[in-house]
Amino acid sequence: MASVARSRRAFLADWLRASALCAIAPLPLDRFGVAACVAGEDVRPARNPSFSSSPFELGVASGEPGPDGAVLWTRLMGVSDPTSAVPVRWEVSADEGFRRIARTGEAMAHPDLAHSVHVELDGLEAGRHYWYRFHAGDATSPVGRTRTAPAPGSEPGRFDFVFTSCQHYERGWYTGYRHMARETCDLVVHLGDYIYEEGPGLRTDLVRRHDTPEVRTLEAYRARYALYKRDLDLQAAHAAFPWVFTPDDHEVDNDWAGEHNHEGMTPSVFLARRTAAFQAMYEHLPLRSGAIPTGPDAQLFRRLDFGAAMRLHVLDTRQYRTIQPCGGRRAVPCDERFADGATILGEAQATWLRDGLDASPARYNVIANQVFMARLLEGEGELTLAMDKWDGYPEDRQRLMAFLDERRPSNPVVITGDLHTSWVNDLKRDFERPDSATVGTELAGTSISSSGDGVDVSPQGVNAMSLNPHVKFFNAQRGYVRCSLGTDRLRADYRVMPFVTRPDAPIATRASFVVEDGVPGATEA
C-alpha cells in the first residue's frame, strides 16, 4: 500500500511539473481544445464548463518574480462537475487596459489540485509591471498586477518591498492588507502563518470565527485556505504585487518540528497530516513547480535575485529541525540545546545558506526567516528562552554568526515574523558577550491580525530591552514593515495600526531604522 501511495504522489508531482511547463508554451490542442501534454488519471476535460457561483471568488495572485516572468495563480470555485479538468485561458498585458498583450496561453485547472492554476511565465521584460487575468467558461477574473525582477546585475536605483506574517482570521480584520495594497512596492514577502489550523475559538472578543473544527485532512485544509482567501483586503494585496511566501508552523500544526508534533500523534499520522497541509498550501499560493510536495516533503528553501540590489534567501525552519529542547516552549536553558545533531535548518540547508551568502553579488543579502534569530532572554529572577526560536538551537545560530563575521557577506539583514510584535536587533558574533562584533541586523515584524489589538509599549518590551542590549526597538501593535533599498542604505519603516478588532483602522509609521551599506547593525532614522 505504501508503494502505491508513493507512486501516486510521484505521478502527481510529475503531472504538475509537466502542466506548469505546458502552460507557457504554444502547444497543439486536442479535440476538446486542451493542450495535449496535460493529462490526468481518468480525468476528462470539461468542454463547456459551468459554475454554481463565481469561479474566481478567491481572487488572483502572482509570485516568485524573476527577471523574465513570475507565477500567476488562481483557483476555480463552484465547478459544476468537480471530477472534470477545466481549461483556463490567461492573458498578460503591458498595460492595464489589455491593449498591448504580451503573452497568452491556456492551463488546466485539475481536480487533483482543487482546480488551482499555476502559470509559470517567461519571456517578459525585466523590472517592469504587467497586468494579468484569467478566463474560464464565460467568466473573467479580477485583474492582477505583477512586476518582474530587475535584470541580473542591473542597478534599479531603488527597490521597495514589504514583509509581514501571521494573519489569524478570528483575531482581527485584515485592514493592514488594505493599506499595504496602496503602498508603492515591488514585492511582498510573507513569513508564514498564512492560515491557522485550530478550530473555532471560544473567546468573546473574536471578530469572526473559523467555520470548521481543527483541520487535519486535505479537504479541511482546502476549506480553511478558501475561508481566509475570501477576505477582500487580502485579495487586494495579492492582486497588487508579486509575493514570495514561506510557511511557519500554523500552516500544518502549532510548533511542529520535522516529523514531530505536540499533540501526541504518531509520526506516521502526523506525516499524513503534513502531506495534506503541504498540498493545500501549494494549491493556494503562487509557488513554482519546484515546490510541489511529494508526500510530506516540499522543497521550500530557495533564493531569488533582484538585480544588484538584493539577494533574497528564503529559509524553511520547520521541515528539517529537530524537536524543541528543554520541554519545547519557553523554559530555563538546559544542556539539551547543545545535543549532538540539534538543528533548526538541517545540514544541507545550512550549507546552502552559507554558500549562497558567500557567492552573492548583491549589495544586500536579505534572509527571510520565520522565527526570532537573536537571543531573547525574558523573565525576572530565573531567566528563560523560547525553545521554538533560534534560542533553542544555539549551535546553528553560532555557526551562522561566525560565518557572517569571518566571511563578511555584503549587508546581511534577517527579516523575521512569528512573534506578533516588532523588533530591531543587532546580530552579535557572541550573544553571551555584548561587546562582541555586530555581524548583521534582524528586522522582526509584527502580525497582520494575530493577537488582536496591541499596544505601543508593553511590560514584555521593557523587560526584553533591559535584558538584551542588542535589542534596539520594540512595539506590540499590528501592521507590517515597509523596506526601501537604495544604493547606499536599506530603510525599514514600521507601519502600525491602533486596532484590528474593528475595521478601518488608520496606519502610521511608528519608527524607521536604516542599515547603511557596509555598516552592520541598524540605527534609528
# chains A, B, ... in the order shown; residues from 1 in each chain; ligands from 1

$ closest_atom_pairs --of "segment 305-418 of chain A" --to "segment 162-183 of chain A" --cutoff "10 Å" --atoms "only C-alpha atoms" --output "JSON lines"
{"residue": "A:Ala368", "atom": "CA", "partner": "A:Phe163", "partner_atom": "CA", "distance": 9.0}
{"residue": "A:Gln370", "atom": "CA", "partner": "A:Ser165", "partner_atom": "CA", "distance": 8.7}
{"residue": "A:Ile415", "atom": "CA", "partner": "A:Phe163", "partner_atom": "CA", "distance": 7.6}
{"residue": "A:Thr416", "atom": "CA", "partner": "A:Thr164", "partner_atom": "CA", "distance": 8.4}
{"residue": "A:Gly417", "atom": "CA", "partner": "A:Ser165", "partner_atom": "CA", "distance": 5.5}
{"residue": "A:Asp418", "atom": "CA", "partner": "A:Cys166", "partner_atom": "CA", "distance": 6.4}

$ residues_around --residues "Arg482 of chain A" --least-positions-apart "2" --cutoff "9 Å" --atoms "only C-alpha atoms" --output "PyMOL selection string"
chain A and resi 160-163+180+183+185+480+484+491-495

$ write_last_selection --atoms "C-alpha atoms" --output "tab-separated table (two decimals), in the first residue's frame"
chain	number	residue	atom	x	y	z
A	160	ASP	CA	10.86	48.53	-2.29
A	161	PHE	CA	9.42	45.51	-0.53
A	162	VAL	CA	7.08	44.80	2.36
A	163	PHE	CA	7.21	41.89	4.77
A	180	MET	CA	-0.43	47.54	2.00
A	183	GLU	CA	1.91	51.21	-0.97
A	185	CYS	CA	6.03	48.40	-3.60
A	480	TYR	CA	3.82	45.31	8.57
A	484	SER	CA	13.26	50.63	0.73
A	491	ARG	CA	15.38	51.88	5.27
A	492	ALA	CA	12.74	49.98	7.26
A	493	ASP	CA	9.51	51.73	8.23
A	494	TYR	CA	7.47	50.00	10.95
A	495	ARG	CA	3.86	50.63	9.88

$ select_by_dssp --residues "segment 172-349 of chain A" --states "helix (DSSP H, G or I)" --output "NGL selection string"
:A and (175-180 or 218-229 or 232-240 or 267-284 or 289-291 or 335-338 or 347-349)

$ closest_residue --among "A:Ser466, A:Val79, A:Leu58, A:Glu263" --to "Asp231 of chain A" --atoms "only C-alpha atoms"
A:Leu58

$ closest_atom_pairs --of "segment 294-341 of chain A" --to "segment 250-257 of chain A" --cutoff "6 Å" --atoms "only C-alpha atoms" --output "CSV"
residue,atom,partner,partner_atom,distance
A:Arg318,CA,A:Ala257,CA,5.4
A:Arg321,CA,A:Ala257,CA,5.6
A:Ile323,CA,A:Ala257,CA,5.4

$ closest_residue --among "A:Asn261, A:Ser62, A:Gln398, A:Asn48" --to "Glu432 of chain A" --atoms "only C-alpha atoms"
A:Gln398

$ residues_around --residues "Thr384 of chain A" --least-positions-apart "3" --cutoff "6 Å" --atoms "only C-alpha atoms" --output "ChimeraX atom specification"
/A:331-332,377-378

$ write_last_selection --atoms "N, CA and C atoms" --output "PDB file, in the first residue's frame"
ATOM      1  N   ALA A 331      11.461  28.227  28.422  1.00  0.00           N
ATOM      2  CA  ALA A 331      11.991  27.434  29.525  1.00  0.00           C
ATOM      3  C   ALA A 331      13.334  27.988  29.960  1.00  0.00           C
ATOM      4  N   VAL A 332      13.727  27.592  31.170  1.00  0.00           N
ATOM      5  CA  VAL A 332      15.088  27.862  31.630  1.00  0.00           C
ATOM      6  C   VAL A 332      16.044  27.078  30.736  1.00  0.00           C
ATOM      7  N   LEU A 377      16.323  36.794  26.031  1.00  0.00           N
ATOM      8  CA  LEU A 377      16.118  36.463  27.445  1.00  0.00           C
ATOM      9  C   LEU A 377      14.902  37.221  27.961  1.00  0.00           C
ATOM     10  N   GLU A 378      14.079  36.542  28.742  1.00  0.00           N
ATOM     11  CA  GLU A 378      12.932  37.189  29.369  1.00  0.00           C
ATOM     12  C   GLU A 378      12.737  36.635  30.771  1.00  0.00           C
TER      13      GLU A 378
END

$ residues_around --residues "Pro156 of chain A" --least-positions-apart "3" --cutoff "8 Å" --atoms "only C-alpha atoms" --output "ChimeraX atom specification"
/A:127,150,159,307-309

$ closest_residue --among "A:Phe134, A:Pro45, A:Ala102, A:Asp504" --to "Ser84 of chain A" --atoms "only C-alpha atoms"
A:Pro45

$ select_by_dssp --residues "segment 408-491 of chain A" --states "strand (DSSP E or B)" --output "ChimeraX atom specification"
/A:412-416,422-428,438-444,455,471-476,478-485,489-491

$ closest_residue --among "A:Val117, A:Ile367, A:Ala476, A:Leu427" --to "His313 of chain A" --atoms "only C-alpha atoms"
A:Ile367

$ atom_distance --atom1 "atom CA of Phe372 of chain A" --atom2 "atom CA of Ala359 of chain A"
25.1 Å

$ residues_around --residues "Ala239 of chain A" --least-positions-apart "5" --cutoff "7 Å" --atoms "only C-alpha atoms" --output "JSON, numbers by chain"
{"A": [60, 61, 144, 145]}

$ residues_around --residues "Asp122 of chain A" --least-positions-apart "3" --cutoff "10 Å" --atoms "only C-alpha atoms" --output "short mmCIF file (atom, residue, chain, number, x, y, z; two decimals) with C-alpha atoms, in the first residue's frame"
data_model
loop_
_atom_site.label_atom_id
_atom_site.label_comp_id
_atom_site.auth_asym_id
_atom_site.auth_seq_id
_atom_site.Cartn_x
_atom_site.Cartn_y
_atom_site.Cartn_z
CA ILE A 24 3.64 28.77 -21.03
CA ALA A 25 4.31 27.08 -24.35
CA PRO A 65 9.24 37.01 -9.68
CA GLY A 66 12.26 36.57 -11.91
CA PRO A 67 13.73 38.99 -14.44
CA ASP A 68 11.69 37.43 -17.26
CA GLY A 69 8.48 36.36 -15.55
CA ALA A 70 6.57 35.21 -12.48
CA VAL A 71 3.99 32.68 -11.35
CA ARG A 103 1.60 36.70 -23.52
CA VAL A 119 1.18 29.56 -14.76
CA GLU A 125 10.93 42.31 -19.86
CA THR A 148 9.32 41.30 -12.89
#

$ residues_around --residues "Asn468 of chain A" --least-positions-apart "6" --cutoff "12 Å" --atoms "only C-alpha atoms" --output "PDB file with N, CA and C atoms, in the first residue's frame"
ATOM      1  N   ALA A 374      17.778  36.425  17.000  1.00  0.00           N
ATOM      2  CA  ALA A 374      18.606  36.956  18.083  1.00  0.00           C
ATOM      3  C   ALA A 374      18.248  36.290  19.409  1.00  0.00           C
ATOM      4  N   ARG A 375      19.162  36.328  20.344  1.00  0.00           N
ATOM      5  CA  ARG A 375      18.840  35.840  21.697  1.00  0.00           C
ATOM      6  C   ARG A 375      17.785  36.740  22.324  1.00  0.00           C
ATOM      7  N   LEU A 376      16.844  36.125  23.045  1.00  0.00           N
ATOM      8  CA  LEU A 376      15.785  36.895  23.690  1.00  0.00           C
ATOM      9  C   LEU A 376      15.535  36.346  25.086  1.00  0.00           C
ATOM     10  N   LEU A 377      16.323  36.794  26.031  1.00  0.00           N
ATOM     11  CA  LEU A 377      16.118  36.463  27.445  1.00  0.00           C
ATOM     12  C   LEU A 377      14.902  37.221  27.961  1.00  0.00           C
ATOM     13  N   GLU A 378      14.079  36.542  28.742  1.00  0.00           N
ATOM     14  CA  GLU A 378      12.932  37.189  29.369  1.00  0.00           C
ATOM     15  C   GLU A 378      12.737  36.635  30.771  1.00  0.00           C
ATOM     16  N   GLY A 379      11.985  37.382  31.586  1.00  0.00           N
ATOM     17  CA  GLY A 379      11.665  36.913  32.925  1.00  0.00           C
ATOM     18  C   GLY A 379      12.316  37.750  34.002  1.00  0.00           C
ATOM     19  N   LEU A 383      15.832  33.415  34.421  1.00  0.00           N
ATOM     20  CA  LEU A 383      15.561  33.869  33.060  1.00  0.00           C
ATOM     21  C   LEU A 383      15.296  32.700  32.134  1.00  0.00           C
ATOM     22  N   LEU A 385      14.319  31.258  27.891  1.00  0.00           N
ATOM     23  CA  LEU A 385      14.440  31.430  26.448  1.00  0.00           C
ATOM     24  C   LEU A 385      13.300  30.677  25.767  1.00  0.00           C
ATOM     25  N   TRP A 423      10.454  44.275  16.333  1.00  0.00           N
ATOM     26  CA  TRP A 423      11.752  44.374  16.977  1.00  0.00           C
ATOM     27  C   TRP A 423      12.798  44.822  15.954  1.00  0.00           C
ATOM     28  N   VAL A 424      13.845  45.458  16.450  1.00  0.00           N
ATOM     29  CA  VAL A 424      15.070  45.676  15.676  1.00  0.00           C
ATOM     30  C   VAL A 424      16.218  45.197  16.540  1.00  0.00           C
ATOM     31  N   ASN A 425      17.023  44.281  16.016  1.00  0.00           N
ATOM     32  CA  ASN A 425      18.090  43.652  16.794  1.00  0.00           C
ATOM     33  C   ASN A 425      19.417  43.710  16.053  1.00  0.00           C
ATOM     34  N   ASP A 426      20.477  43.984  16.787  1.00  0.00           N
ATOM     35  CA  ASP A 426      21.818  43.700  16.282  1.00  0.00           C
ATOM     36  C   ASP A 426      22.058  42.200  16.391  1.00  0.00           C
ATOM     37  N   LEU A 427      22.624  41.616  15.351  1.00  0.00           N
ATOM     38  CA  LEU A 427      23.059  40.223  15.422  1.00  0.00           C
ATOM     39  C   LEU A 427      24.523  40.212  15.829  1.00  0.00           C
ATOM     40  N   LYS A 428      24.825  39.472  16.906  1.00  0.00           N
ATOM     41  CA  LYS A 428      26.151  39.513  17.518  1.00  0.00           C
ATOM     42  C   LYS A 428      26.940  38.237  17.224  1.00  0.00           C
ATOM     43  N   PHE A 431      26.353  36.257  21.485  1.00  0.00           N
ATOM     44  CA  PHE A 431      25.332  36.927  22.281  1.00  0.00           C
ATOM     45  C   PHE A 431      25.628  36.888  23.777  1.00  0.00           C
ATOM     46  N   GLU A 432      26.537  36.024  24.206  1.00  0.00           N
ATOM     47  CA  GLU A 432      26.932  35.998  25.617  1.00  0.00           C
ATOM     48  C   GLU A 432      27.870  37.153  25.948  1.00  0.00           C
ATOM     49  N   ARG A 433      28.430  37.772  24.919  1.00  0.00           N
ATOM     50  CA  ARG A 433      29.349  38.906  25.113  1.00  0.00           C
ATOM     51  C   ARG A 433      28.796  40.114  24.364  1.00  0.00           C
ATOM     52  N   PRO A 434      28.107  41.000  25.035  1.00  0.00           N
ATOM     53  CA  PRO A 434      27.501  42.151  24.362  1.00  0.00           C
ATOM     54  C   PRO A 434      28.493  43.014  23.592  1.00  0.00           C
ATOM     55  N   GLN A 460       6.498  43.297  28.386  1.00  0.00           N
ATOM     56  CA  GLN A 460       7.400  42.383  27.678  1.00  0.00           C
ATOM     57  C   GLN A 460       8.528  43.150  27.005  1.00  0.00           C
ATOM     58  N   GLY A 461       8.182  44.247  26.336  1.00  0.00           N
ATOM     59  CA  GLY A 461       9.200  45.014  25.640  1.00  0.00           C
ATOM     60  C   GLY A 461      10.172  45.681  26.585  1.00  0.00           C
ATOM     61  N   VAL A 462       9.668  46.248  27.670  1.00  0.00           N
ATOM     62  CA  VAL A 462      10.546  46.896  28.647  1.00  0.00           C
ATOM     63  C   VAL A 462      11.509  45.876  29.238  1.00  0.00           C
ATOM     64  N   PHE A 474      11.164  47.987  20.152  1.00  0.00           N
ATOM     65  CA  PHE A 474      10.074  47.051  20.399  1.00  0.00           C
ATOM     66  C   PHE A 474       8.755  47.792  20.261  1.00  0.00           C
TER      67      PHE A 474
END

$ atom_distance --atom1 "atom CA of Ala109 of chain A" --atom2 "atom CA of Ala85 of chain A"
5.6 Å

$ closest_residue --among "A:Cys334, A:Leu113, A:Val86, A:Ala362" --to "Phe278 of chain A" --atoms "only C-alpha atoms"
A:Leu113

$ closest_residue --among "A:Ala402, A:Leu187, A:Leu345, A:Leu419" --to "Ser447 of chain A" --atoms "only C-alpha atoms"
A:Leu419

$ decode --residues "segment 121-205 of chain A" --atoms "C-alpha atoms" --output "PDB file, in the first residue's frame"
ATOM      1  CA  LEU A 121       5.666  32.856 -17.167  1.00  0.00           C
ATOM      2  CA  ASP A 122       8.850  33.663 -19.007  1.00  0.00           C
ATOM      3  CA  GLY A 123       9.769  35.882 -21.947  1.00  0.00           C
ATOM      4  CA  LEU A 124       8.832  39.172 -20.259  1.00  0.00           C
ATOM      5  CA  GLU A 125      10.932  42.309 -19.856  1.00  0.00           C
ATOM      6  CA  ALA A 126      12.877  42.793 -16.641  1.00  0.00           C
ATOM      7  CA  GLY A 127      11.986  45.336 -13.981  1.00  0.00           C
ATOM      8  CA  ARG A 128       8.514  46.377 -15.127  1.00  0.00           C
ATOM      9  CA  HIS A 129       4.849  45.969 -14.319  1.00  0.00           C
ATOM     10  CA  TYR A 130       2.477  43.652 -16.133  1.00  0.00           C
ATOM     11  CA  TRP A 131      -1.252  43.062 -15.721  1.00  0.00           C
ATOM     12  CA  TYR A 132      -2.941  39.674 -15.968  1.00  0.00           C
ATOM     13  CA  ARG A 133      -6.343  37.987 -15.868  1.00  0.00           C
ATOM     14  CA  PHE A 134      -7.928  34.568 -16.341  1.00  0.00           C
ATOM     15  CA  HIS A 135     -10.988  33.311 -18.247  1.00  0.00           C
ATOM     16  CA  ALA A 136     -12.939  30.113 -17.524  1.00  0.00           C
ATOM     17  CA  GLY A 137     -16.081  29.403 -19.483  1.00  0.00           C
ATOM     18  CA  ASP A 138     -17.867  32.752 -19.736  1.00  0.00           C
ATOM     19  CA  ALA A 139     -16.317  34.110 -16.524  1.00  0.00           C
ATOM     20  CA  THR A 140     -13.393  36.537 -16.282  1.00  0.00           C
ATOM     21  CA  SER A 141     -11.285  37.039 -13.180  1.00  0.00           C
ATOM     22  CA  PRO A 142     -10.365  40.297 -11.497  1.00  0.00           C
ATOM     23  CA  VAL A 143      -7.224  41.910 -12.925  1.00  0.00           C
ATOM     24  CA  GLY A 144      -3.973  41.437 -11.075  1.00  0.00           C
ATOM     25  CA  ARG A 145      -0.717  43.342 -11.386  1.00  0.00           C
ATOM     26  CA  THR A 146       2.736  41.815 -11.092  1.00  0.00           C
ATOM     27  CA  ARG A 147       6.284  43.073 -11.529  1.00  0.00           C
ATOM     28  CA  THR A 148       9.323  41.300 -12.886  1.00  0.00           C
ATOM     29  CA  ALA A 149      12.630  41.436 -11.039  1.00  0.00           C
ATOM     30  CA  PRO A 150      15.393  43.772 -12.209  1.00  0.00           C
ATOM     31  CA  ALA A 151      17.787  42.267 -14.746  1.00  0.00           C
ATOM     32  CA  PRO A 152      20.782  40.354 -13.309  1.00  0.00           C
ATOM     33  CA  GLY A 153      23.499  42.772 -12.235  1.00  0.00           C
ATOM     34  CA  SER A 154      21.417  45.847 -13.070  1.00  0.00           C
ATOM     35  CA  GLU A 155      21.091  48.773 -10.699  1.00  0.00           C
ATOM     36  CA  PRO A 156      17.406  49.539 -10.049  1.00  0.00           C
ATOM     37  CA  GLY A 157      18.291  52.664  -8.072  1.00  0.00           C
ATOM     38  CA  ARG A 158      15.545  51.848  -5.586  1.00  0.00           C
ATOM     39  CA  PHE A 159      13.759  48.611  -4.755  1.00  0.00           C
ATOM     40  CA  ASP A 160      10.862  48.529  -2.294  1.00  0.00           C
ATOM     41  CA  PHE A 161       9.419  45.514  -0.533  1.00  0.00           C
ATOM     42  CA  VAL A 162       7.076  44.802   2.361  1.00  0.00           C
ATOM     43  CA  PHE A 163       7.215  41.889   4.765  1.00  0.00           C
ATOM     44  CA  THR A 164       4.531  40.547   7.063  1.00  0.00           C
ATOM     45  CA  SER A 165       3.229  37.366   8.705  1.00  0.00           C
ATOM     46  CA  CYS A 166       0.610  35.851  10.987  1.00  0.00           C
ATOM     47  CA  GLN A 167      -2.942  36.576   9.823  1.00  0.00           C
ATOM     48  CA  HIS A 168      -5.193  34.840  12.340  1.00  0.00           C
ATOM     49  CA  TYR A 169      -8.668  35.122  10.836  1.00  0.00           C
ATOM     50  CA  GLU A 170     -10.507  35.178  14.152  1.00  0.00           C
ATOM     51  CA  ARG A 171      -8.378  37.769  15.937  1.00  0.00           C
ATOM     52  CA  GLY A 172      -8.675  40.768  13.638  1.00  0.00           C
ATOM     53  CA  TRP A 173      -9.630  42.371  10.359  1.00  0.00           C
ATOM     54  CA  TYR A 174      -7.097  42.425   7.544  1.00  0.00           C
ATOM     55  CA  THR A 175      -7.039  46.211   7.355  1.00  0.00           C
ATOM     56  CA  GLY A 176      -3.261  46.077   7.115  1.00  0.00           C
ATOM     57  CA  TYR A 177      -3.565  44.452   3.712  1.00  0.00           C
ATOM     58  CA  ARG A 178      -5.846  47.249   2.524  1.00  0.00           C
ATOM     59  CA  HIS A 179      -3.145  49.763   3.454  1.00  0.00           C
ATOM     60  CA  MET A 180      -0.426  47.544   2.000  1.00  0.00           C
ATOM     61  CA  ALA A 181      -2.182  47.379  -1.373  1.00  0.00           C
ATOM     62  CA  ARG A 182      -1.838  51.183  -1.605  1.00  0.00           C
ATOM     63  CA  GLU A 183       1.909  51.215  -0.969  1.00  0.00           C
ATOM     64  CA  THR A 184       4.499  51.830  -3.661  1.00  0.00           C
ATOM     65  CA  CYS A 185       6.030  48.400  -3.598  1.00  0.00           C
ATOM     66  CA  ASP A 186       7.820  45.870  -5.840  1.00  0.00           C
ATOM     67  CA  LEU A 187       7.382  42.745  -3.705  1.00  0.00           C
ATOM     68  CA  VAL A 188       5.641  41.291  -0.645  1.00  0.00           C
ATOM     69  CA  VAL A 189       7.426  38.691   1.484  1.00  0.00           C
ATOM     70  CA  HIS A 190       5.120  36.636   3.707  1.00  0.00           C
ATOM     71  CA  LEU A 191       6.927  34.837   6.534  1.00  0.00           C
ATOM     72  CA  GLY A 192       4.308  32.288   7.495  1.00  0.00           C
ATOM     73  CA  ASP A 193       1.135  31.567   9.460  1.00  0.00           C
ATOM     74  CA  TYR A 194      -0.976  32.366   6.409  1.00  0.00           C
ATOM     75  CA  ILE A 195      -3.718  30.218   7.954  1.00  0.00           C
ATOM     76  CA  TYR A 196      -4.319  28.924  11.473  1.00  0.00           C
ATOM     77  CA  GLU A 197      -5.254  25.284  11.764  1.00  0.00           C
ATOM     78  CA  GLU A 198      -7.212  25.382  15.019  1.00  0.00           C
ATOM     79  CA  GLY A 199     -10.969  25.105  15.435  1.00  0.00           C
ATOM     80  CA  PRO A 200     -13.353  27.929  16.318  1.00  0.00           C
ATOM     81  CA  GLY A 201     -12.181  29.979  19.267  1.00  0.00           C
ATOM     82  CA  LEU A 202     -14.196  30.370  22.444  1.00  0.00           C
ATOM     83  CA  ARG A 203     -13.231  33.955  23.242  1.00  0.00           C
ATOM     84  CA  THR A 204     -15.976  36.558  23.295  1.00  0.00           C
ATOM     85  CA  ASP A 205     -13.866  39.226  21.565  1.00  0.00           C
TER      86      ASP A 205
END
